[in-house]
Amino acid sequence: MASRGAVLALMAALVAALPGALQKCIFDEVQARARVVRAAPVPEGQASPPRGPRVAPGRRPRAASPQPIRIRTWIPAESDGLSGAEGEGLQAAVEEAVRTVSSLLSVNRAPGPLLLSRDVDKYCKFLWKNSSTANYNRCGRANKSYRAETCLDVTVSIGRINLLTASRRKRERFCYRQIPDDHLAGCDVYPNADSPRRTRLRAAGAGLPHSDFLLYLHVRPTDKCRSEPAVLAYAAHCQADPSGRPLAGVVVICREELTGAAGGRRATAQTVIHELFHALGFSKELFHAWRDCSSTLQVGARCSPRGRVTHSDGWGQVRVYTPSVISALQRHLASTHPELGGPLENLDVPPGRVSSHWESRVLQGSIMAPVLGEPTTVRIDPVTLAALQDTGWYAVDVSRAQSLVWGDGEGTMFGSLSTCRNKSSSFFCTGSGFGCHYLHLHKGKCQTDPHLEGCRLYKPLNNGSECWKEENGEEAPLSGELFGFHSRCFFSNLTRQNRSEFLSVGGLVEGRCYRHRCTGPNGYRIQVSGSDWVECPAGGAVQIKGYQGLVHCPDRRLCLYADVTPPADAATSPTPTARQVRPLLHSCVQLLHAYTGSLFAQ
């Protein structure tokens, strides 16, 4: 019999493998401090704009069909210190994120290059404010201290270099705080209120051709990164057209967190998509600027303002009430309740304020939840795409939305604090036992986090929880587990019949991995180690020849969502470290239950 010390050591190993902190998003804090320059429309009868882009200020849309948004990524020269592999990985992740967003969102493209506006409040000391004068609202006196434009006050150098060679180039001195003049429109000063004579303060740059949004990508350990260790990246938009559509923004990727990011390239790509969606309009700072395009075939400037889109429902939950969002959530929850708008996160949000994230209890797994989990559990969901559609700035290909399994068909009250603890939904759990994540790709532990506000769900373990990784399996497992690309997690207490010495711990129902094969919608068979394929009735349980105990067959979770699969490039070769972790966890659970009885019982 193992010593008490051995049990404690195994317990420590188990705790180390439990889920760690998820990636945190600080967008609301960052965007609130960012200064946004909004291009002014051309006044009637005025030949050139007093501020804003040189070509059709604010990029007025033409009467043409929306086209996929062209996102130009600009990498400042100080984003160095990346090894060749890190640089290649980051570049691939960013390219994947940009391709994904461009495949989802379309805009009315404007002719000519994209030119950002200069901030009249920076370069101008005063404006002519007499509306009867020829130069009304134009700059009358230059600010002598004006130097440059910035985006989030993040250092953006004039030079642009390739990430792959950044670490091999000698660091040079740049004016890190400025947006390159080549990206900016010019600006003039009109010394006299009625005279057409003007002085050129800054010449217009060449602009960026074939661009609808300019993304400054910044990779370095900023003070914000150091003060927020759970933050992988943060973002803000800093330029907008006259309709309010963002034209430029910054995504800062924290250098140290990038190196240790769990999930690698896929996690980084999802983080960039999350931050891009914020910068492109999923932002509490932009809710008031969303446009109503129901009376026109166009998107953008020709639509009318929506006004306020967020309100509290009858239970005090702040929600987004726009047509597409309401319809998407009603379809998702199978409800026709009129107050079923998109619920916004309320953690750390002062009364009367709103958040730029969905409520985790209702839209767990959404790309716009306040924290992003393991990459295979994050979805670009229909409700998020509906919100982007309702900004009025984009035509959105909602057919490309990924299945949101969490809460599917669960009704109006799903995710409420009054129902998440009463076992009325199988998506939530109670206690602190081990089971299956709701997508059944991972084993998990029943736990909560601050955003769940006491509600609990099975979250993937940090090590060895992926059923689809063959290297996570043991040799001759007592529970009959089989790991591999087609394996999924099932609640089970199977134990081999000829291993009676372990029967004292065999009654524990926990998450275990078995092979599955679909036979139709919500229909499948399973296979355990040494067994034939066995029909597993959804919502029921099945016995396996040669084993004691049962395998419980989840209802409406498997063989219904074609896009819920392991990564296409899932590793198949065993990894020694991973092989060692899984048996250790299994042995740990067995010993702990042998010594403590129902320590993990729910």
# chains A, B, ... in the order shown; residues from 1 in each chain; ligands from 1
$ select_by_dssp --residues "region 54-282 of chain A" --states "helix (DSSP H, G or I)" --output "PyMOL selection string"
chain A and resi 56-59+84-104+120-123+163-166+181-183+223-227+255-260+264-280
$ residues_around --residues "region 21-35 of chain A" --least-positions-apart "3" --cutoff "8 Å" --atoms "only C-alpha atoms" --output "list in words"
Cys151, Leu152, Asp153, Ala230, Val231, Leu232, Ala233, Tyr234, Ala235, Ala236, His237, Cys238, Glu275, His278, Ser283, Lys284, Glu285, Ser355, Ser356, Pro370, Val371, Leu372 and Gly373 of chain A
$ atom_distance --atom1 "CA of His451 (chain A)" --atom2 "CA of His437 (chain A)"
17.4 Å
$ atom_distance --atom1 "CA of Arg198 (chain A)" --atom2 "CA of Arg118 (chain A)"
16.8 Å
$ residues_around --residues "region 204-217 of chain A" --least-positions-apart "3" --cutoff "8 Å" --atoms "only C-alpha atoms" --output "CSV table (one decimal) with C-alpha atoms, in the first residue's frame"
chain,number,residue,atom,x,y,z
A,54,ARG,CA,-7.2,63.2,-49.8
A,69,ILE,CA,-12.4,43.4,-46.8
A,70,ARG,CA,-8.7,44.0,-47.6
A,71,ILE,CA,-6.7,44.1,-44.4
A,72,ARG,CA,-3.2,45.5,-44.8
A,73,THR,CA,-0.8,44.4,-42.0
A,74,TRP,CA,2.0,46.8,-41.3
A,75,ILE,CA,4.8,45.4,-39.1
A,76,PRO,CA,6.9,48.0,-37.4
A,107,VAL,CA,-17.2,46.2,-47.5
A,109,ARG,CA,-14.5,49.4,-51.6
A,112,GLY,CA,-7.7,54.9,-54.7
A,113,PRO,CA,-5.3,54.3,-51.8
A,114,LEU,CA,-6.3,54.3,-48.2
A,115,LEU,CA,-5.1,57.5,-46.5
A,116,LEU,CA,-5.6,58.1,-42.8
A,156,VAL,CA,5.1,52.6,-35.0
A,181,ASP,CA,3.6,60.2,-43.0
A,182,ASP,CA,3.2,58.1,-46.2
A,183,HIS,CA,0.0,56.7,-44.6
A,184,LEU,CA,-1.5,60.1,-43.8
A,185,ALA,CA,-3.5,62.7,-45.7
A,186,GLY,CA,-2.1,66.2,-46.0
A,187,CYS,CA,-3.4,69.2,-44.0
A,246,PRO,CA,-12.9,51.7,-38.3
A,247,LEU,CA,-10.1,52.2,-40.9
A,248,ALA,CA,-7.0,51.5,-38.8
A,249,GLY,CA,-6.1,49.9,-35.6
A,250,VAL,CA,-3.3,48.3,-33.5
A,251,VAL,CA,-2.9,44.8,-32.3
A,252,VAL,CA,-0.1,44.4,-29.7
A,253,ILE,CA,1.1,40.9,-29.2
$ select_by_dssp --residues "region 363-450 of chain A" --states "strand (DSSP E or B)" --output "compact mmCIF listing (two decimals) with C-alpha atoms, in the first residue's frame"
# COMPACT_ATOMS: atom_id res chain seq x y z
CA SER A 366 -17.68 32.08 -28.68
CA VAL A 371 -11.59 34.58 -22.28
CA LEU A 372 -10.53 32.14 -24.98
CA ARG A 379 -15.93 28.96 -32.33
CA ALA A 395 -21.87 42.41 -45.47
CA VAL A 396 -21.21 39.21 -43.49
CA PHE A 434 -13.77 14.62 -13.58
CA GLY A 435 -15.86 14.24 -16.73
CA CYS A 436 -16.04 15.38 -20.34
CA HIS A 442 -11.38 16.44 -24.15
CA LYS A 443 -11.59 15.04 -20.68
CA GLY A 444 -12.26 17.76 -18.14
CA LYS A 445 -12.69 18.78 -14.54
CA CYS A 446 -15.83 20.40 -13.17
CA GLN A 447 -14.86 23.91 -12.15
$ residues_around --residues "Ile273 (chain A)" --least-positions-apart "5" --cutoff "10 Å" --atoms "only C-alpha atoms" --output "ChimeraX atom specification"
/A:93-94,96-101,267-268,278-279,367-368,380
$ write_last_selection --atoms "N, CA, C and O atoms" --output "PDB file, in the first residue's frame"
ATOM      1  N   ALA A  93       0.253  32.653 -38.341  1.00  0.00           N
ATOM      2  CA  ALA A  93      -0.954  32.847 -37.533  1.00  0.00           C
ATOM      3  C   ALA A  93      -1.681  34.128 -37.938  1.00  0.00           C
ATOM      4  O   ALA A  93      -2.911  34.146 -38.055  1.00  0.00           O
ATOM      5  N   VAL A  94      -0.928  35.216 -38.126  1.00  0.00           N
ATOM      6  CA  VAL A  94      -1.545  36.483 -38.513  1.00  0.00           C
ATOM      7  C   VAL A  94      -2.161  36.378 -39.901  1.00  0.00           C
ATOM      8  O   VAL A  94      -3.281  36.862 -40.142  1.00  0.00           O
ATOM      9  N   GLU A  96      -3.297  33.714 -41.311  1.00  0.00           N
ATOM     10  CA  GLU A  96      -4.502  32.897 -41.175  1.00  0.00           C
ATOM     11  C   GLU A  96      -5.658  33.721 -40.614  1.00  0.00           C
ATOM     12  O   GLU A  96      -6.799  33.629 -41.093  1.00  0.00           O
ATOM     13  N   ALA A  97      -5.374  34.545 -39.620  1.00  0.00           N
ATOM     14  CA  ALA A  97      -6.410  35.386 -39.017  1.00  0.00           C
ATOM     15  C   ALA A  97      -6.965  36.379 -40.037  1.00  0.00           C
ATOM     16  O   ALA A  97      -8.190  36.560 -40.150  1.00  0.00           O
ATOM     17  N   VAL A  98      -6.080  37.013 -40.785  1.00  0.00           N
ATOM     18  CA  VAL A  98      -6.512  38.010 -41.776  1.00  0.00           C
ATOM     19  C   VAL A  98      -7.326  37.339 -42.875  1.00  0.00           C
ATOM     20  O   VAL A  98      -8.366  37.863 -43.311  1.00  0.00           O
ATOM     21  N   ARG A  99      -6.879  36.175 -43.339  1.00  0.00           N
ATOM     22  CA  ARG A  99      -7.648  35.445 -44.364  1.00  0.00           C
ATOM     23  C   ARG A  99      -9.037  35.090 -43.854  1.00  0.00           C
ATOM     24  O   ARG A  99     -10.034  35.208 -44.577  1.00  0.00           O
ATOM     25  N   THR A 100      -9.102  34.640 -42.606  1.00  0.00           N
ATOM     26  CA  THR A 100     -10.391  34.253 -42.033  1.00  0.00           C
ATOM     27  C   THR A 100     -11.344  35.438 -41.981  1.00  0.00           C
ATOM     28  O   THR A 100     -12.506  35.345 -42.400  1.00  0.00           O
ATOM     29  N   VAL A 101     -10.864  36.565 -41.442  1.00  0.00           N
ATOM     30  CA  VAL A 101     -11.727  37.747 -41.324  1.00  0.00           C
ATOM     31  C   VAL A 101     -12.140  38.250 -42.703  1.00  0.00           C
ATOM     32  O   VAL A 101     -13.302  38.622 -42.924  1.00  0.00           O
ATOM     33  N   ALA A 267      -3.913  29.037 -31.489  1.00  0.00           N
ATOM     34  CA  ALA A 267      -4.336  29.934 -30.416  1.00  0.00           C
ATOM     35  C   ALA A 267      -3.999  31.379 -30.758  1.00  0.00           C
ATOM     36  O   ALA A 267      -4.797  32.290 -30.505  1.00  0.00           O
ATOM     37  N   THR A 268      -2.812  31.601 -31.329  1.00  0.00           N
ATOM     38  CA  THR A 268      -2.426  32.959 -31.704  1.00  0.00           C
ATOM     39  C   THR A 268      -3.357  33.501 -32.783  1.00  0.00           C
ATOM     40  O   THR A 268      -3.790  34.658 -32.730  1.00  0.00           O
ATOM     41  N   HIS A 278     -12.821  43.084 -32.428  1.00  0.00           N
ATOM     42  CA  HIS A 278     -12.968  44.265 -31.572  1.00  0.00           C
ATOM     43  C   HIS A 278     -12.662  45.538 -32.366  1.00  0.00           C
ATOM     44  O   HIS A 278     -13.452  46.492 -32.383  1.00  0.00           O
ATOM     45  N   ALA A 279     -11.493  45.559 -33.005  1.00  0.00           N
ATOM     46  CA  ALA A 279     -11.043  46.763 -33.708  1.00  0.00           C
ATOM     47  C   ALA A 279     -11.956  47.117 -34.873  1.00  0.00           C
ATOM     48  O   ALA A 279     -12.077  48.292 -35.245  1.00  0.00           O
ATOM     49  N   ILE A 367     -15.973  33.114 -30.033  1.00  0.00           N
ATOM     50  CA  ILE A 367     -14.734  33.842 -30.296  1.00  0.00           C
ATOM     51  C   ILE A 367     -14.729  35.194 -29.575  1.00  0.00           C
ATOM     52  O   ILE A 367     -13.673  35.741 -29.290  1.00  0.00           O
ATOM     53  N   MET A 368     -15.917  35.712 -29.203  1.00  0.00           N
ATOM     54  CA  MET A 368     -15.990  36.996 -28.511  1.00  0.00           C
ATOM     55  C   MET A 368     -16.397  36.849 -27.054  1.00  0.00           C
ATOM     56  O   MET A 368     -16.904  37.784 -26.434  1.00  0.00           O
ATOM     57  N   ILE A 380     -16.103  30.564 -34.138  1.00  0.00           N
ATOM     58  CA  ILE A 380     -16.566  31.817 -34.757  1.00  0.00           C
ATOM     59  C   ILE A 380     -18.055  31.615 -34.998  1.00  0.00           C
ATOM     60  O   ILE A 380     -18.479  31.070 -36.016  1.00  0.00           O
TER      61      ILE A 380
END
$ closest_residue --among "A:Ser531, A:Gln270, A:Thr391, A:Ser479" --to "Asn493 (chain A)" --atoms "only C-alpha atoms"
A:Ser479
$ atom_distance --atom1 "CA of Pro350 (chain A)" --atom2 "CA of Trp315 (chain A)"
16.5 Å
$ residues_around --residues "region 402-412 of chain A" --least-positions-apart "3" --cutoff "9 Å" --atoms "only C-alpha atoms" --output "PDB file with N, CA, C and O atoms, in the first residue's frame"
ATOM      1  N   GLN A 330     -32.194  33.587 -30.870  1.00  0.00           N
ATOM      2  CA  GLN A 330     -33.453  32.846 -30.791  1.00  0.00           C
ATOM      3  C   GLN A 330     -33.328  31.501 -31.496  1.00  0.00           C
ATOM      4  O   GLN A 330     -33.795  30.476 -30.990  1.00  0.00           O
ATOM      5  N   ARG A 331     -32.693  31.481 -32.659  1.00  0.00           N
ATOM      6  CA  ARG A 331     -32.485  30.210 -33.363  1.00  0.00           C
ATOM      7  C   ARG A 331     -31.589  29.286 -32.549  1.00  0.00           C
ATOM      8  O   ARG A 331     -31.840  28.082 -32.445  1.00  0.00           O
ATOM      9  N   HIS A 332     -30.547  29.845 -31.970  1.00  0.00           N
ATOM     10  CA  HIS A 332     -29.592  29.023 -31.229  1.00  0.00           C
ATOM     11  C   HIS A 332     -30.231  28.376 -30.002  1.00  0.00           C
ATOM     12  O   HIS A 332     -30.047  27.180 -29.746  1.00  0.00           O
ATOM     13  N   LEU A 333     -30.988  29.141 -29.243  1.00  0.00           N
ATOM     14  CA  LEU A 333     -31.587  28.616 -28.016  1.00  0.00           C
ATOM     15  C   LEU A 333     -32.962  28.011 -28.245  1.00  0.00           C
ATOM     16  O   LEU A 333     -33.577  27.505 -27.294  1.00  0.00           O
ATOM     17  N   ALA A 334     -33.457  28.045 -29.503  1.00  0.00           N
ATOM     18  CA  ALA A 334     -34.796  27.529 -29.826  1.00  0.00           C
ATOM     19  C   ALA A 334     -35.855  28.223 -28.975  1.00  0.00           C
ATOM     20  O   ALA A 334     -36.657  27.600 -28.286  1.00  0.00           O
ATOM     21  N   SER A 335     -35.856  29.558 -29.017  1.00  0.00           N
ATOM     22  CA  SER A 335     -36.782  30.363 -28.229  1.00  0.00           C
ATOM     23  C   SER A 335     -37.296  31.514 -29.086  1.00  0.00           C
ATOM     24  O   SER A 335     -36.605  31.996 -29.987  1.00  0.00           O
ATOM     25  N   THR A 336     -38.494  31.942 -28.791  1.00  0.00           N
ATOM     26  CA  THR A 336     -39.052  33.104 -29.483  1.00  0.00           C
ATOM     27  C   THR A 336     -39.231  34.288 -28.536  1.00  0.00           C
ATOM     28  O   THR A 336     -39.927  35.248 -28.868  1.00  0.00           O
ATOM     29  N   HIS A 337     -38.596  34.205 -27.380  1.00  0.00           N
ATOM     30  CA  HIS A 337     -38.754  35.275 -26.389  1.00  0.00           C
ATOM     31  C   HIS A 337     -38.264  36.608 -26.974  1.00  0.00           C
ATOM     32  O   HIS A 337     -37.150  36.701 -27.486  1.00  0.00           O
ATOM     33  N   LEU A 340     -34.703  38.305 -25.974  1.00  0.00           N
ATOM     34  CA  LEU A 340     -33.535  37.451 -26.096  1.00  0.00           C
ATOM     35  C   LEU A 340     -32.478  38.092 -26.995  1.00  0.00           C
ATOM     36  O   LEU A 340     -32.109  37.572 -28.038  1.00  0.00           O
ATOM     37  N   VAL A 362     -23.782  32.100 -21.198  1.00  0.00           N
ATOM     38  CA  VAL A 362     -24.724  31.885 -22.286  1.00  0.00           C
ATOM     39  C   VAL A 362     -24.008  31.549 -23.598  1.00  0.00           C
ATOM     40  O   VAL A 362     -24.484  30.722 -24.375  1.00  0.00           O
ATOM     41  N   LEU A 363     -22.868  32.166 -23.851  1.00  0.00           N
ATOM     42  CA  LEU A 363     -22.167  31.980 -25.127  1.00  0.00           C
ATOM     43  C   LEU A 363     -20.738  31.484 -24.906  1.00  0.00           C
ATOM     44  O   LEU A 363     -19.780  31.976 -25.505  1.00  0.00           O
ATOM     45  N   GLN A 364     -20.601  30.498 -24.036  1.00  0.00           N
ATOM     46  CA  GLN A 364     -19.311  29.861 -23.784  1.00  0.00           C
ATOM     47  C   GLN A 364     -18.740  29.306 -25.102  1.00  0.00           C
ATOM     48  O   GLN A 364     -19.447  28.685 -25.891  1.00  0.00           O
ATOM     49  N   GLY A 365     -17.472  29.537 -25.336  1.00  0.00           N
ATOM     50  CA  GLY A 365     -16.841  29.028 -26.544  1.00  0.00           C
ATOM     51  C   GLY A 365     -16.863  29.991 -27.705  1.00  0.00           C
ATOM     52  O   GLY A 365     -16.189  29.768 -28.717  1.00  0.00           O
ATOM     53  N   SER A 366     -17.639  31.081 -27.608  1.00  0.00           N
ATOM     54  CA  SER A 366     -17.675  32.077 -28.678  1.00  0.00           C
ATOM     55  C   SER A 366     -16.318  32.757 -28.818  1.00  0.00           C
ATOM     56  O   SER A 366     -15.610  32.984 -27.832  1.00  0.00           O
ATOM     57  N   VAL A 378     -12.911  26.874 -29.312  1.00  0.00           N
ATOM     58  CA  VAL A 378     -13.297  28.248 -29.652  1.00  0.00           C
ATOM     59  C   VAL A 378     -13.979  28.265 -31.014  1.00  0.00           C
ATOM     60  O   VAL A 378     -13.484  27.677 -31.987  1.00  0.00           O
ATOM     61  N   ARG A 379     -15.116  28.958 -31.105  1.00  0.00           N
ATOM     62  CA  ARG A 379     -15.925  28.956 -32.325  1.00  0.00           C
ATOM     63  C   ARG A 379     -16.196  30.375 -32.824  1.00  0.00           C
ATOM     64  O   ARG A 379     -16.463  31.277 -32.037  1.00  0.00           O
ATOM     65  N   ILE A 380     -16.103  30.564 -34.138  1.00  0.00           N
ATOM     66  CA  ILE A 380     -16.566  31.817 -34.757  1.00  0.00           C
ATOM     67  C   ILE A 380     -18.055  31.615 -34.998  1.00  0.00           C
ATOM     68  O   ILE A 380     -18.479  31.070 -36.016  1.00  0.00           O
ATOM     69  N   ASP A 381     -18.842  32.036 -34.044  1.00  0.00           N
ATOM     70  CA  ASP A 381     -20.233  31.610 -33.910  1.00  0.00           C
ATOM     71  C   ASP A 381     -21.213  32.506 -34.656  1.00  0.00           C
ATOM     72  O   ASP A 381     -20.902  33.654 -35.014  1.00  0.00           O
ATOM     73  N   PRO A 382     -22.439  32.022 -34.885  1.00  0.00           N
ATOM     74  CA  PRO A 382     -23.447  32.804 -35.616  1.00  0.00           C
ATOM     75  C   PRO A 382     -23.854  34.092 -34.921  1.00  0.00           C
ATOM     76  O   PRO A 382     -24.178  35.079 -35.593  1.00  0.00           O
ATOM     77  N   VAL A 383     -23.860  34.123 -33.590  1.00  0.00           N
ATOM     78  CA  VAL A 383     -24.302  35.333 -32.876  1.00  0.00           C
ATOM     79  C   VAL A 383     -23.279  36.453 -33.064  1.00  0.00           C
ATOM     80  O   VAL A 383     -23.638  37.621 -33.256  1.00  0.00           O
ATOM     81  N   SER A 399     -23.055  32.200 -43.513  1.00  0.00           N
ATOM     82  CA  SER A 399     -23.045  30.766 -43.810  1.00  0.00           C
ATOM     83  C   SER A 399     -21.731  30.122 -43.385  1.00  0.00           C
ATOM     84  O   SER A 399     -21.642  28.895 -43.277  1.00  0.00           O
ATOM     85  N   GLY A 415     -28.256  29.377 -19.014  1.00  0.00           N
ATOM     86  CA  GLY A 415     -27.129  30.188 -18.572  1.00  0.00           C
ATOM     87  C   GLY A 415     -27.448  31.153 -17.456  1.00  0.00           C
ATOM     88  O   GLY A 415     -26.556  31.857 -16.990  1.00  0.00           O
ATOM     89  N   SER A 425     -29.641  21.417 -16.972  1.00  0.00           N
ATOM     90  CA  SER A 425     -28.949  21.355 -18.257  1.00  0.00           C
ATOM     91  C   SER A 425     -27.678  20.532 -18.107  1.00  0.00           C
ATOM     92  O   SER A 425     -26.891  20.735 -17.170  1.00  0.00           O
ATOM     93  N   PHE A 427     -25.134  20.808 -19.835  1.00  0.00           N
ATOM     94  CA  PHE A 427     -23.949  21.607 -20.160  1.00  0.00           C
ATOM     95  C   PHE A 427     -23.215  22.047 -18.901  1.00  0.00           C
ATOM     96  O   PHE A 427     -22.014  22.301 -18.944  1.00  0.00           O
ATOM     97  N   TYR A 438     -17.910  19.679 -22.963  1.00  0.00           N
ATOM     98  CA  TYR A 438     -19.184  19.519 -23.668  1.00  0.00           C
ATOM     99  C   TYR A 438     -19.033  19.200 -25.155  1.00  0.00           C
ATOM    100  O   TYR A 438     -19.968  18.705 -25.792  1.00  0.00           O
ATOM    101  N   LEU A 439     -17.870  19.447 -25.753  1.00  0.00           N
ATOM    102  CA  LEU A 439     -17.642  19.055 -27.139  1.00  0.00           C
ATOM    103  C   LEU A 439     -17.175  17.606 -27.243  1.00  0.00           C
ATOM    104  O   LEU A 439     -17.084  17.060 -28.348  1.00  0.00           O
ATOM    105  N   ARG A 557     -24.801  15.550 -28.911  1.00  0.00           N
ATOM    106  CA  ARG A 557     -23.452  16.121 -28.827  1.00  0.00           C
ATOM    107  C   ARG A 557     -22.537  15.563 -29.916  1.00  0.00           C
ATOM    108  O   ARG A 557     -21.655  16.270 -30.389  1.00  0.00           O
ATOM    109  N   TYR A 561     -22.666  17.827 -35.443  1.00  0.00           N
ATOM    110  CA  TYR A 561     -21.959  19.046 -35.828  1.00  0.00           C
ATOM    111  C   TYR A 561     -20.712  18.654 -36.634  1.00  0.00           C
ATOM    112  O   TYR A 561     -19.681  18.272 -36.079  1.00  0.00           O
ATOM    113  N   ALA A 562     -20.832  18.748 -37.955  1.00  0.00           N
ATOM    114  CA  ALA A 562     -19.760  18.268 -38.830  1.00  0.00           C
ATOM    115  C   ALA A 562     -18.454  19.019 -38.644  1.00  0.00           C
ATOM    116  O   ALA A 562     -17.376  18.492 -38.940  1.00  0.00           O
ATOM    117  N   ASP A 563     -18.524  20.269 -38.162  1.00  0.00           N
ATOM    118  CA  ASP A 563     -17.301  21.057 -38.031  1.00  0.00           C
ATOM    119  C   ASP A 563     -16.677  20.972 -36.640  1.00  0.00           C
ATOM    120  O   ASP A 563     -15.685  21.659 -36.368  1.00  0.00           O
ATOM    121  N   VAL A 564     -17.233  20.141 -35.752  1.00  0.00           N
ATOM    122  CA  VAL A 564     -16.620  19.937 -34.445  1.00  0.00           C
ATOM    123  C   VAL A 564     -15.733  18.697 -34.545  1.00  0.00           C
ATOM    124  O   VAL A 564     -16.189  17.558 -34.400  1.00  0.00           O
TER     125      VAL A 564
END
$ residues_around --residues "Thr310 (chain A)" --least-positions-apart "6" --cutoff "12 Å" --atoms "only C-alpha atoms" --output "PyMOL selection string"
chain A and resi 283-288+290+316-322+325-326+339-344+352-356+387
$ closest_residue --among "A:Gln91, A:Asn192, A:Asn422, A:Ser117" --to "Arg141 (chain A)" --atoms "only C-alpha atoms"
A:Asn192
$ closest_residue --among "A:Arg488, A:Arg38, A:Arg266, A:Arg226" --to "Arg515 (chain A)" --atoms "only C-alpha atoms"
A:Arg488
$ closest_residue --among "A:Cys124, A:Leu329, A:Ala64, A:Ala269" --to "Ala110 (chain A)" --atoms "only C-alpha atoms"
A:Ala64
$ decode --residues "region 187-220 of chain A" --atoms "C-alpha atoms" --output "mmCIF file, in the first residue's frame"
data_model
loop_
_atom_site.group_PDB
_atom_site.id
_atom_site.type_symbol
_atom_site.label_atom_id
_atom_site.label_comp_id
_atom_site.auth_asym_id
_atom_site.auth_seq_id
_atom_site.Cartn_x
_atom_site.Cartn_y
_atom_site.Cartn_z
ATOM 1 C CA CYS A 187 -3.352 69.158 -43.979
ATOM 2 C CA ASP A 188 -3.621 72.877 -44.704
ATOM 3 C CA VAL A 189 -4.006 76.080 -42.751
ATOM 4 C CA TYR A 190 -6.232 78.963 -43.937
ATOM 5 C CA PRO A 191 -4.921 82.166 -42.310
ATOM 6 C CA ASN A 192 -7.957 84.234 -43.385
ATOM 7 C CA ALA A 193 -11.600 83.300 -42.832
ATOM 8 C CA ASP A 194 -12.743 84.205 -46.361
ATOM 9 C CA SER A 195 -9.619 83.832 -48.434
ATOM 10 C CA PRO A 196 -8.906 80.697 -50.498
ATOM 11 C CA ARG A 197 -5.181 81.209 -49.836
ATOM 12 C CA ARG A 198 -3.805 78.343 -47.770
ATOM 13 C CA THR A 199 -0.519 77.135 -46.343
ATOM 14 C CA ARG A 200 0.432 73.468 -46.710
ATOM 15 C CA LEU A 201 1.328 72.196 -43.229
ATOM 16 C CA ARG A 202 1.913 68.564 -44.266
ATOM 17 C CA ALA A 203 1.850 67.038 -47.740
ATOM 18 C CA ALA A 204 -0.307 64.013 -48.394
ATOM 19 C CA GLY A 205 1.388 60.637 -48.451
ATOM 20 C CA ALA A 206 1.064 58.032 -51.157
ATOM 21 C CA GLY A 207 -1.349 55.982 -49.039
ATOM 22 C CA LEU A 208 -1.828 52.231 -49.098
ATOM 23 C CA PRO A 209 -3.244 50.744 -52.304
ATOM 24 C CA HIS A 210 -5.761 47.895 -52.279
ATOM 25 C CA SER A 211 -6.552 48.410 -48.596
ATOM 26 C CA ASP A 212 -9.766 48.829 -46.603
ATOM 27 C CA PHE A 213 -8.322 48.489 -43.098
ATOM 28 C CA LEU A 214 -4.786 49.091 -41.870
ATOM 29 C CA LEU A 215 -3.583 46.870 -39.040
ATOM 30 C CA TYR A 216 -0.451 47.924 -37.174
ATOM 31 C CA LEU A 217 0.903 44.712 -35.685
ATOM 32 C CA HIS A 218 3.231 45.291 -32.778
ATOM 33 C CA VAL A 219 5.238 42.489 -31.110
ATOM 34 C CA ARG A 220 7.164 43.367 -27.981
#
